[in-house]
Number of protein chains: 2
Amino acid sequence: MNPQTHDVIYESDVFYGKNAFTGETLPTAFPVHGQEEVEQAANAAAEIARDFRRLSNEKRASLLCSIALELEARSEDIVARAHLETALPDARLKGEIGRTANQLRLFADVVKSGSYHQAIFDTPSPERQPVPKPDIRRQQIAIGPVAVFGASNFPLAFSAAGGDTASALAAGCPVIVKGHTAHPGTSQIVAECMEKALDKEQLPQAIFTLLQGNRRELGQALVTHPKIKGVGFTGSVGGGRALFNLAQQRPEPIPFYGELGAINPTFILPDAMKTNPSLAEQFVASMTMGCGQFCTKPGVVFAINSPETQAFIETAQQIIRQQSPSTLLTHSIKDNYQSEVENRGSDNGITVTYSEAQSPNVPAALFVTDSKNWRSNPAWEEEIFGPQSLIVVCDDFEDMLALSETLSGSLTATIHATVEDYSQAHQLIPCLEEMAGRLVFNGWPTGVEVGYAMVHGGPYPASTHSASTSVGAEAIHRWLRPVAYQALPEALLPSSLQATNPLGIKRNIDGLTC
Amino acid sequence: MNPQTHDVIYESDVFYGKNAFTGETLPTAFPVHGQEEVEQAANAAAEIARDFRRLSNEKRASLLCSIALELEARSEDIVARAHLETALPDARLKGEIGRTANQLRLFADVVKSGSYHQAIFDTPSPERQPVPKPDIRRQQIAIGPVAVFGASNFPLAFSAAGGDTASALAAGCPVIVKGHTAHPGTSQIVAECMEKALDKEQLPQAIFTLLQGNRRELGQALVTHPKIKGVGFTGSVGGGRALFNLAQQRPEPIPFYGELGAINPTFILPDAMKTNPSLAEQFVASMTMGCGQFCTKPGVVFAINSPETQAFIETAQQIIRQQSPSTLLTHSIKDNYQSEVENRGSDNGITVTYSEAQSPNVPAALFVTDSKNWRSNPAWEEEIFGPQSLIVVCDDFEDMLALSETLSGSLTATIHATVEDYSQAHQLIPCLEEMAGRLVFNGWPTGVEVGYAMVHGGPYPASTHSASTSVGAEAIHRWLRPVAYQALPEALLPSSLQATNPLGIKRNIDGLTC
């Protein structure tokens with residue numbers, strides 16, 4: 001940059017949100033942050049990280065509850081701004097605030113229970129031969145400052161105060177969020193809620209920092225900063241993999257929890273197809289939910305050739321034709337969707353049905369092919385973000401089973417089956433377990449419950465870290481690492497490991513839960 | 001290779017073990033495996049991986065116990081060969097067989113208890129508004145075939161049937177071991193024990209394969225093979241990091257659990273220094289144990305300048321002078337040790353004391369410096385494998401505390417303190433927790449207990465995956481990933497998640513352990 005013009009604010013020093021409906025620029029300029037702001041935020045976070053991880057469980061739980069309350073208090077502002085920035089309907093956004101607040105409260109419960117410490121004890125035995133058995137106790141502690149990348153499709157639940165942030169704060173890690181450029185105004189309001197909650201709890205603001213902007217440098221600087229100790233990411237395979245690579249190439253590699261992409265295969269077995277006349281309607285409802293912008297959208301359905309499957313296809317096509325057009329999250333998502341759907345539609349061996357309503361917005365699209373063509377077009381396995389899906393007609397169950405063995409990792413895999421189909425389901429399940437994070441039975445994968453048992457992850461590219469989940473109570477473990485304490489006296493042990501058990505937590509002693 | 005000479009066995013098609021004492025070639029040629037053998041082994045492992053992960057817990061536990069018995073049965077052969085290949089004393093090797101067998105039996109217990117499934121339940125609530133709460137249950141399953149790299153310094157406990165192999169088999173992962181070139185004969189006998197155990201249990205041999213050889217291609221082919229789903233590694237920072245990089249650059253990155261290096265800092269606080277006259281003797285015993293070839297060797301001791309610290313140093317130097325010379329594991333380790341110790345000794349601001357015995361073998365070496373010189377020589381923080389260590393004299397406790405904040409990740413950190421020192425220990429602990437996997441109090445880090453609470457890992461470079469341990473019951477989790485099952489009927493659920501709890505395992509229901 002020319003030093004003489006350094007103080008002039010160019011277009012590139014600020015950026016604006018866009019109206020997702022019209023593409024017009026929305027009022028309010030947001031700063032374009034870069035390396036310098038990352039440096040400041042990471043240093044500030046590192047400075048308070050130790051105190052924050054050693055804060056009492058009660059205080060950290062209280063912070064999470066305060067954030068939830070502040071979000072609910074700003075509900076109207078958030079919905080209004082997010083609606084403009086994302087084109088998502090008010091009711092969905094209201095629901096997403098509720099979900100985000102509940103998620104924060106779930107992690108408050110997790111922190112209060114102290115279960116996340118995973119306290120394990122080995123009872124000493126000074127008389128053991130040939131050497132005495134030492135007193136070893138183990139707990140989990142926070143890894144340090146964490147970077148979180150907001151996602152476009154969940155401006156709340158997977159963004160500034162979403163699951164990654166909530167679980168990292170719960171673990172005791174300060175968080176620096178890179179807000180998604182698709183909803184800077186929404187992220188800004190959420191950051192204001194964070195600021196108020198931290199103020200109310202009399203905690204340092206460096207526990208949470210929102211950085212914004214559209215320069216690639218920002219994300220790269222975050223992932224490579226030596227004081228950042230872990231990353232949470234939800235987004236595309238291309239962008240996520242590039243950041244994952246940077247995180248692994250650092251002098252000190254750090255865990256990168258990226259949820260990148262999934263086609264969420266669904267398998268409809270013969271008797272379910274025969275006896276459940278509402279499958280086509282359910283399928284189209286699930287694939288078009290949120291305008292097909294859910295990471296759990298059923299992107300491919302495998303069915304076995306039969307008159308019932310033909311009827312299922314025809315009904316689905318009929319419903320597709322009647323779908324209202326969708327306004328996607330951003331104009332670039334729209335452009336991608338249109339070109340990718342058009343490309344796929346022009347491939348050989350595939351047919352496509354569009355929704356018929358005339359509109360400037362995008363139509364839903366349903367592709368149909370057979371297993372032979374599916375096999376010779378591996379590109380069809382790539383996710384297209386938006387309201388489209390693909391039905392693959394298999395010759396018979398053996399054909400379907402063979403295809404199930406060839407799929408890349410996915411967040412979910414779904415089976416529709418009646419008792420008549422159980423023997424076939426039994427054959428499918430072991431394979432689907434190996435390629436998905438969650439198996440759904442006689443339902444649809446959209447709708448991710450935030451609970452204790454949820455797994456939102458799966459083999460690559462569903463997740464860059466298939467042993468983790470980004471949703472549900474277990475997500476806290478991404479931000480923790482174990483430490484063992486050998487022969488420490490009671491006075492020096494962390495409270496989770498003291499003999500008197502002042503936290504009243506469950507512990508594992510010599511292999512048994514107590 | 002010239003096709004006409006394809007059948008001729010060149011020197012490079014086989015390799016030999018070496019007598020660690022003399023450097024002479026030992027009888028018995030071992031094949032040099034490469035890409036082709038990796039391909040065969042990985043395909044064979046992948047073929048039986050599903051059956052093996054779904055084998056009953058009882059059967060897998062029984063296999064682990066059979067391996068332990070076979071090792072014990074071949075104890076004499078193993079000790080004899082390992083003694084020649086590693087120069088480790090018979091008693092130590094006998095002990096290591098015992099430790100390895102106990103480790104296998106610990107994992108058998110872990111498998112039988114079923115705790116590794118980590119079964120978690122969310123109770124459904126069909127009446128919940130606005131949407132019903134689904135029935136979600138979650139367990140952990142094996143990730144698939146795993147590659148294990150044997151270590152030079154523990155020919156049994158960290159090699160072919162060591163902790164990585166035992167924990168992976170326990171999880172239900174077939175294992176392909178790359179045996180360390182320093183002890184091919186030992187690995188071969190262990191592989192024969194494995195073969196017998198698999199035979200006895202009527203299980204396929206593809207569950208365990210030993211590959212040998214000195215070509216870099218072998219390790220690279222293993223780590224990059226698409227059917228390998230995880231790697232366990234114990235070794236040097238250079239070699240380990242290169243393989244880690246390959247594992248992360250794969251189209252599908254896989255978890256790489258590498259234990260690479262550690263200097264295991266020890267902090268002696270003033271009153272402990274004053275009141276414990278045996279510290280110098282304990283220190284030298286720990287740093288020279290196993291000829292200083294333990295990954296938990298105390299590689300640096302921080303003490304505060306005082307007459308007592310000077311006395312500690314003088315005593316340690318005196319004991320060092322009287323040490324017997326050491327025969328290191330291999331001649332290349334010996335060469336490295338000699339040149340690195342010589343280099344360090346010629347640096348400015350450091351003194352070195354050697355053991356005085358004349359011998360073709362290597363002397364123990366004790367370096368002494370002060371905190372100022374330590375700060376200006378970051379290279380001194382690099383581990384030297386072998387019987388050497390370094391004492392750093394700090395000006396005062398603030399100086400020591402400041403240094404403690406600058407250390408790289410290590411397997412352990414040790415504090416010596418009396419009650420008088422507790423307030424200083426209180427200040428050190430939060431920092432040491434952040435840089436080590438295990439804190440040791442008034443002891444020495446060598447000797448790694450194989451129990452439930454052990455953490456043998458820590459921030460990089462101690463481990464490439466600081467949330468894991470390579471020793472102890474928790475090591476099994478490296479080879480598992482979670483899967484959630486939504487609304488599956490009892491008949492299709494895995495036994496760990498069936499309502500009737502046929503395995504009789506502990507489960508977590510709605511956040512509570514039951």
# chains A, B, ... in the order shown; residues from 1 in each chain; ligands from 1
>>> residues_around(residues="A:Asn214", least_positions_apart="3", cutoff="12 Å", atoms="only C-alpha atoms", output="PyMOL selection string")
chain A and resi 11-17+30-34+178-184+211+217-220
>>> closest_atom_pairs(of="stretch 467-504 of chain B", to="stretch 234-258 of chain B", cutoff="9 Å", atoms="only C-alpha atoms", output="JSON lines")
{"residue": "B:Ser468", "atom": "CA", "partner": "B:Tyr257", "partner_atom": "CA", "distance": 7.7}
{"residue": "B:Thr469", "atom": "CA", "partner": "B:Tyr257", "partner_atom": "CA", "distance": 8.6}
{"residue": "B:Ser470", "atom": "CA", "partner": "B:Tyr257", "partner_atom": "CA", "distance": 7.8}
{"residue": "B:Arg478", "atom": "CA", "partner": "B:Tyr257", "partner_atom": "CA", "distance": 7.7}
{"residue": "B:Trp479", "atom": "CA", "partner": "B:Pro255", "partner_atom": "CA", "distance": 8.8}
>>> closest_atom_pairs(of="chain B", to="chain A", cutoff="7 Å", atoms="only C-alpha atoms", output="Markdown table")
| residue | atom | partner | partner_atom | distance |
| --- | --- | --- | --- | --- |
| B:Ile120 | CA | A:Ala453 | CA | 5.2 |
| B:Phe121 | CA | A:Ala453 | CA | 5.6 |
| B:Asp122 | CA | A:Ala453 | CA | 5.8 |
| B:Ile136 | CA | A:Ala453 | CA | 6.0 |
| B:Arg137 | CA | A:Ala453 | CA | 5.6 |
| B:Arg138 | CA | A:Ala453 | CA | 5.3 |
| B:Gln248 | CA | A:Gln248 | CA | 7.0 |
| B:Glu252 | CA | A:Tyr460 | CA | 6.0 |
| B:His426 | CA | A:Leu492 | CA | 6.5 |
| B:Glu433 | CA | A:Val483 | CA | 6.7 |
| B:Gly437 | CA | A:Val483 | CA | 4.9 |
| B:Arg438 | CA | A:Ala484 | CA | 4.4 |
| B:Leu439 | CA | A:Tyr485 | CA | 4.8 |
| B:Val440 | CA | A:Gln486 | CA | 4.7 |
| B:Phe441 | CA | A:Leu488 | CA | 5.4 |
| B:Gly451 | CA | A:Asp122 | CA | 6.7 |
| B:Tyr452 | CA | A:Gly511 | CA | 6.2 |
| B:Ala453 | CA | A:Ile120 | CA | 5.2 |
| B:Met454 | CA | A:Ala484 | CA | 6.1 |
| B:Val455 | CA | A:Ala484 | CA | 5.4 |
| B:Tyr460 | CA | A:Glu252 | CA | 6.0 |
| B:Ser466 | CA | A:Arg481 | CA | 6.3 |
| B:Ala467 | CA | A:Arg481 | CA | 4.2 |
| B:Leu480 | CA | A:Ala467 | CA | 6.8 |
| B:Arg481 | CA | A:Ala467 | CA | 4.2 |
| B:Pro482 | CA | A:Ala467 | CA | 6.1 |
| B:Val483 | CA | A:Gly437 | CA | 4.9 |
| B:Ala484 | CA | A:Arg438 | CA | 4.4 |
| B:Tyr485 | CA | A:Leu439 | CA | 4.8 |
| B:Gln486 | CA | A:Val440 | CA | 4.7 |
| B:Ala487 | CA | A:Phe441 | CA | 5.5 |
| B:Leu488 | CA | A:Phe441 | CA | 5.4 |
| B:Leu492 | CA | A:His426 | CA | 6.5 |
| B:Asp510 | CA | A:Tyr452 | CA | 6.3 |
| B:Gly511 | CA | A:Tyr452 | CA | 6.2 |
>>> write_last_selection(atoms="C-alpha atoms", output="JSON list (two decimals), in the first residue's frame")
[["chain", "number", "residue", "atom", "x", "y", "z"],
["B", 120, "ILE", "CA", -24.63, -42.73, 25.33],
["B", 121, "PHE", "CA", -28.43, -42.52, 25.12],
["B", 122, "ASP", "CA", -30.84, -39.65, 24.56],
["B", 136, "ILE", "CA", -30.53, -41.32, 19.63],
["B", 137, "ARG", "CA", -27.92, -43.78, 20.88],
["B", 138, "ARG", "CA", -24.21, -43.56, 20.29],
["B", 248, "GLN", "CA", -2.24, -35.38, 6.53],
["B", 252, "GLU", "CA", -8.45, -38.68, 2.98],
["B", 426, "HIS", "CA", 1.32, -23.56, 42.90],
["B", 433, "GLU", "CA", 0.05, -28.54, 32.78],
["B", 437, "GLY", "CA", 1.17, -34.79, 29.40],
["B", 438, "ARG", "CA", 2.15, -35.89, 32.92],
["B", 439, "LEU", "CA", 3.23, -33.99, 36.02],
["B", 440, "VAL", "CA", 5.47, -35.88, 38.44],
["B", 441, "PHE", "CA", 5.87, -34.79, 42.04],
["B", 451, "GLY", "CA", -2.81, -48.16, 34.09],
["B", 452, "TYR", "CA", -6.15, -46.44, 33.61],
["B", 453, "ALA", "CA", -5.04, -42.88, 34.35],
["B", 454, "MET", "CA", -1.68, -42.77, 32.53],
["B", 455, "VAL", "CA", -1.11, -40.04, 29.94],
["B", 460, "TYR", "CA", 3.88, -31.22, 20.16],
["B", 466, "SER", "CA", -1.97, -33.94, 22.26],
["B", 467, "ALA", "CA", -5.48, -35.14, 23.12],
["B", 480, "LEU", "CA", -12.25, -45.64, 17.65],
["B", 481, "ARG", "CA", -14.80, -43.18, 16.30],
["B", 482, "PRO", "CA", -18.36, -42.49, 17.38],
["B", 483, "VAL", "CA", -21.51, -43.42, 15.48],
["B", 484, "ALA", "CA", -25.03, -42.30, 16.42],
["B", 485, "TYR", "CA", -28.08, -44.44, 15.70],
["B", 486, "GLN", "CA", -31.37, -42.57, 15.34],
["B", 487, "ALA", "CA", -34.60, -44.49, 15.92],
["B", 488, "LEU", "CA", -33.14, -47.90, 15.13],
["B", 492, "LEU", "CA", -31.07, -53.73, 14.31],
["B", 510, "ASP", "CA", -29.47, -38.20, 29.27],
["B", 511, "GLY", "CA", -26.22, -36.99, 30.76]]
>>> residues_around(residues="A:Glu72", least_positions_apart="5", cutoff="8 Å", atoms="only C-alpha atoms", output="ChimeraX atom specification")
/A:97-98,101
>>> residues_around(residues="stretch 75-83 of chain A", least_positions_apart="5", cutoff="12 Å", atoms="only C-alpha atoms", output="VMD selection string")
chain A and resid 17 to 21 26 to 28 68 to 70 88 to 98 100 to 101 152 to 156 159 182 to 193 327 to 330
>>> residues_around(residues="B:Leu198", least_positions_apart="5", cutoff="10 Å", atoms="only C-alpha atoms", output="PDB file with N, CA, C and O atoms, in the first residue's frame")
ATOM      1  N   LEU B  63      -8.108 -63.190  22.461  1.00  0.00           N
ATOM      2  CA  LEU B  63      -6.950 -63.072  21.572  1.00  0.00           C
ATOM      3  C   LEU B  63      -5.805 -62.341  22.284  1.00  0.00           C
ATOM      4  O   LEU B  63      -4.646 -62.775  22.246  1.00  0.00           O
ATOM      5  N   LEU B  64      -6.125 -61.242  22.949  1.00  0.00           N
ATOM      6  CA  LEU B  64      -5.083 -60.464  23.634  1.00  0.00           C
ATOM      7  C   LEU B  64      -4.389 -61.309  24.699  1.00  0.00           C
ATOM      8  O   LEU B  64      -3.158 -61.282  24.837  1.00  0.00           O
ATOM      9  N   SER B  66      -4.183 -64.574  24.718  1.00  0.00           N
ATOM     10  CA  SER B  66      -3.386 -65.610  24.047  1.00  0.00           C
ATOM     11  C   SER B  66      -2.050 -65.054  23.589  1.00  0.00           C
ATOM     12  O   SER B  66      -1.021 -65.734  23.670  1.00  0.00           O
ATOM     13  N   ILE B  67      -2.055 -63.836  23.080  1.00  0.00           N
ATOM     14  CA  ILE B  67      -0.789 -63.235  22.636  1.00  0.00           C
ATOM     15  C   ILE B  67       0.150 -63.104  23.838  1.00  0.00           C
ATOM     16  O   ILE B  67       1.342 -63.436  23.753  1.00  0.00           O
ATOM     17  N   GLU B 192       5.849 -64.449  15.279  1.00  0.00           N
ATOM     18  CA  GLU B 192       5.532 -65.882  15.372  1.00  0.00           C
ATOM     19  C   GLU B 192       4.558 -66.137  16.532  1.00  0.00           C
ATOM     20  O   GLU B 192       3.648 -66.963  16.427  1.00  0.00           O
ATOM     21  N   CYS B 193       4.749 -65.410  17.623  1.00  0.00           N
ATOM     22  CA  CYS B 193       3.807 -65.525  18.757  1.00  0.00           C
ATOM     23  C   CYS B 193       2.413 -65.089  18.320  1.00  0.00           C
ATOM     24  O   CYS B 193       1.403 -65.704  18.670  1.00  0.00           O
ATOM     25  N   LEU B 203      -8.585 -67.308  14.298  1.00  0.00           N
ATOM     26  CA  LEU B 203      -8.861 -66.015  13.669  1.00  0.00           C
ATOM     27  C   LEU B 203      -7.926 -65.843  12.472  1.00  0.00           C
ATOM     28  O   LEU B 203      -6.840 -66.430  12.435  1.00  0.00           O
ATOM     29  N   PRO B 204      -8.323 -65.044  11.480  1.00  0.00           N
ATOM     30  CA  PRO B 204      -7.499 -64.899  10.281  1.00  0.00           C
ATOM     31  C   PRO B 204      -6.146 -64.234  10.568  1.00  0.00           C
ATOM     32  O   PRO B 204      -6.064 -63.299  11.369  1.00  0.00           O
ATOM     33  N   GLN B 205      -5.117 -64.724   9.886  1.00  0.00           N
ATOM     34  CA  GLN B 205      -3.777 -64.167  10.074  1.00  0.00           C
ATOM     35  C   GLN B 205      -3.697 -62.707   9.645  1.00  0.00           C
ATOM     36  O   GLN B 205      -2.831 -61.964  10.121  1.00  0.00           O
ATOM     37  N   ALA B 206      -4.597 -62.267   8.771  1.00  0.00           N
ATOM     38  CA  ALA B 206      -4.527 -60.883   8.274  1.00  0.00           C
ATOM     39  C   ALA B 206      -4.808 -59.861   9.373  1.00  0.00           C
ATOM     40  O   ALA B 206      -4.647 -58.656   9.168  1.00  0.00           O
ATOM     41  N   ILE B 207      -5.208 -60.317  10.554  1.00  0.00           N
ATOM     42  CA  ILE B 207      -5.412 -59.400  11.678  1.00  0.00           C
ATOM     43  C   ILE B 207      -4.086 -58.776  12.105  1.00  0.00           C
ATOM     44  O   ILE B 207      -4.054 -57.652  12.613  1.00  0.00           O
ATOM     45  N   PHE B 208      -2.989 -59.503  11.866  1.00  0.00           N
ATOM     46  CA  PHE B 208      -1.675 -58.950  12.225  1.00  0.00           C
ATOM     47  C   PHE B 208      -0.657 -59.296  11.151  1.00  0.00           C
ATOM     48  O   PHE B 208      -0.492 -60.461  10.797  1.00  0.00           O
TER      49      PHE B 208
END
>>> select_by_dssp(residues="stretch 219-460 of chain A", states="alpha helix (DSSP H)", output="ChimeraX atom specification")
/A:219-224,237-249,270-275,279-288,307-321,331-345,371-376,397-404,422-435
>>> write_last_selection(atoms="C-alpha atoms", output="compact mmCIF listing (two decimals), in the first residue's frame")
# COMPACT_ATOMS: atom_id res chain seq x y z
CA GLY A 219 -8.51 -16.99 7.88
CA GLN A 220 -4.96 -17.97 7.04
CA ALA A 221 -3.51 -15.71 9.74
CA LEU A 222 -5.90 -17.17 12.31
CA VAL A 223 -5.11 -20.81 11.53
CA THR A 224 -1.35 -20.24 11.47
CA VAL A 237 -14.45 -28.93 1.01
CA GLY A 238 -12.21 -26.54 -0.95
CA GLY A 239 -11.90 -23.79 1.63
CA GLY A 240 -11.88 -26.16 4.60
CA ARG A 241 -9.22 -28.42 3.18
CA ALA A 242 -6.95 -25.44 2.40
CA LEU A 243 -7.19 -24.25 6.01
CA PHE A 244 -6.79 -27.80 7.34
CA ASN A 245 -3.56 -28.11 5.34
CA LEU A 246 -2.25 -24.86 6.82
CA ALA A 247 -3.08 -26.05 10.34
CA GLN A 248 -1.19 -29.33 9.79
CA GLN A 249 1.83 -27.63 8.19
CA PRO A 270 -38.35 -52.88 -1.07
CA ASP A 271 -41.08 -53.42 1.50
CA ALA A 272 -40.77 -49.87 2.85
CA MET A 273 -41.12 -48.61 -0.72
CA LYS A 274 -44.19 -50.79 -1.19
CA THR A 275 -45.99 -49.92 2.05
CA LEU A 279 -41.96 -41.47 1.17
CA ALA A 280 -41.80 -39.26 -1.93
CA GLU A 281 -43.42 -36.36 -0.13
CA GLN A 282 -41.15 -36.78 2.92
CA PHE A 283 -38.10 -36.99 0.70
CA VAL A 284 -38.84 -33.77 -1.19
CA ALA A 285 -39.69 -31.98 2.07
CA SER A 286 -36.31 -33.00 3.53
CA MET A 287 -34.23 -32.19 0.45
CA THR A 288 -35.81 -28.74 0.02
CA PRO A 307 -43.17 -50.55 -10.13
CA GLU A 308 -43.31 -48.98 -6.63
CA THR A 309 -39.96 -47.28 -7.14
CA GLN A 310 -41.17 -45.93 -10.47
CA ALA A 311 -44.26 -44.58 -8.71
CA PHE A 312 -42.07 -43.06 -5.99
CA ILE A 313 -40.01 -41.29 -8.66
CA GLU A 314 -43.06 -40.02 -10.50
CA THR A 315 -44.65 -38.70 -7.32
CA ALA A 316 -41.42 -37.01 -6.28
CA GLN A 317 -41.10 -35.41 -9.71
CA GLN A 318 -44.68 -34.21 -9.51
CA ILE A 319 -44.09 -32.61 -6.12
CA ILE A 320 -40.86 -31.04 -7.37
CA ARG A 321 -42.70 -29.43 -10.28
CA HIS A 331 -25.82 -14.65 -4.99
CA SER A 332 -22.62 -16.62 -5.37
CA ILE A 333 -24.29 -19.71 -3.89
CA LYS A 334 -27.12 -19.14 -6.35
CA ASP A 335 -24.72 -18.85 -9.29
CA ASN A 336 -22.90 -22.01 -8.23
CA TYR A 337 -26.13 -23.89 -7.80
CA GLN A 338 -27.42 -22.88 -11.20
CA SER A 339 -24.26 -23.78 -13.07
CA GLU A 340 -23.71 -27.06 -11.23
CA VAL A 341 -27.30 -28.20 -11.69
CA GLU A 342 -27.17 -27.23 -15.34
CA ASN A 343 -23.89 -29.12 -15.84
CA ARG A 344 -25.15 -32.23 -14.15
CA GLY A 345 -28.42 -32.06 -16.07
CA SER A 371 -26.72 -47.61 -10.89
CA LYS A 372 -24.78 -48.21 -14.11
CA ASN A 373 -24.61 -44.52 -14.92
CA TRP A 374 -23.97 -43.62 -11.26
CA ARG A 375 -20.94 -45.90 -11.33
CA SER A 376 -19.48 -44.28 -14.40
CA PHE A 397 -30.45 -55.46 -3.49
CA GLU A 398 -27.01 -56.88 -4.33
CA ASP A 399 -26.47 -53.96 -6.65
CA MET A 400 -27.54 -51.53 -3.89
CA LEU A 401 -25.31 -53.23 -1.33
CA ALA A 402 -22.34 -53.10 -3.68
CA LEU A 403 -22.89 -49.36 -4.23
CA SER A 404 -23.12 -48.74 -0.49
CA TYR A 422 -34.69 -56.32 8.24
CA SER A 423 -32.46 -59.00 6.79
CA GLN A 424 -31.36 -56.58 4.08
CA ALA A 425 -31.01 -53.74 6.61
CA HIS A 426 -28.78 -56.04 8.65
CA GLN A 427 -26.46 -56.32 5.69
CA LEU A 428 -26.43 -52.59 4.98
CA ILE A 429 -25.80 -51.31 8.52
CA PRO A 430 -22.18 -52.51 9.00
CA CYS A 431 -21.20 -50.75 5.81
CA LEU A 432 -23.10 -47.54 6.58
CA GLU A 433 -21.57 -47.39 10.08
CA GLU A 434 -18.18 -47.20 8.38
CA MET A 435 -19.07 -44.26 6.14
>>> select_by_dssp(residues="stretch 264-493 of chain A", states="strand (DSSP E or B)", output="number ranges by chain")
A: 265-268, 300-304, 326, 351-354, 362, 365-370, 388-394, 410-416, 436-441, 480-486
>>> atom_distance(atom1="atom CA of B:Ala499", atom2="atom CA of B:His117")
14.8 Å
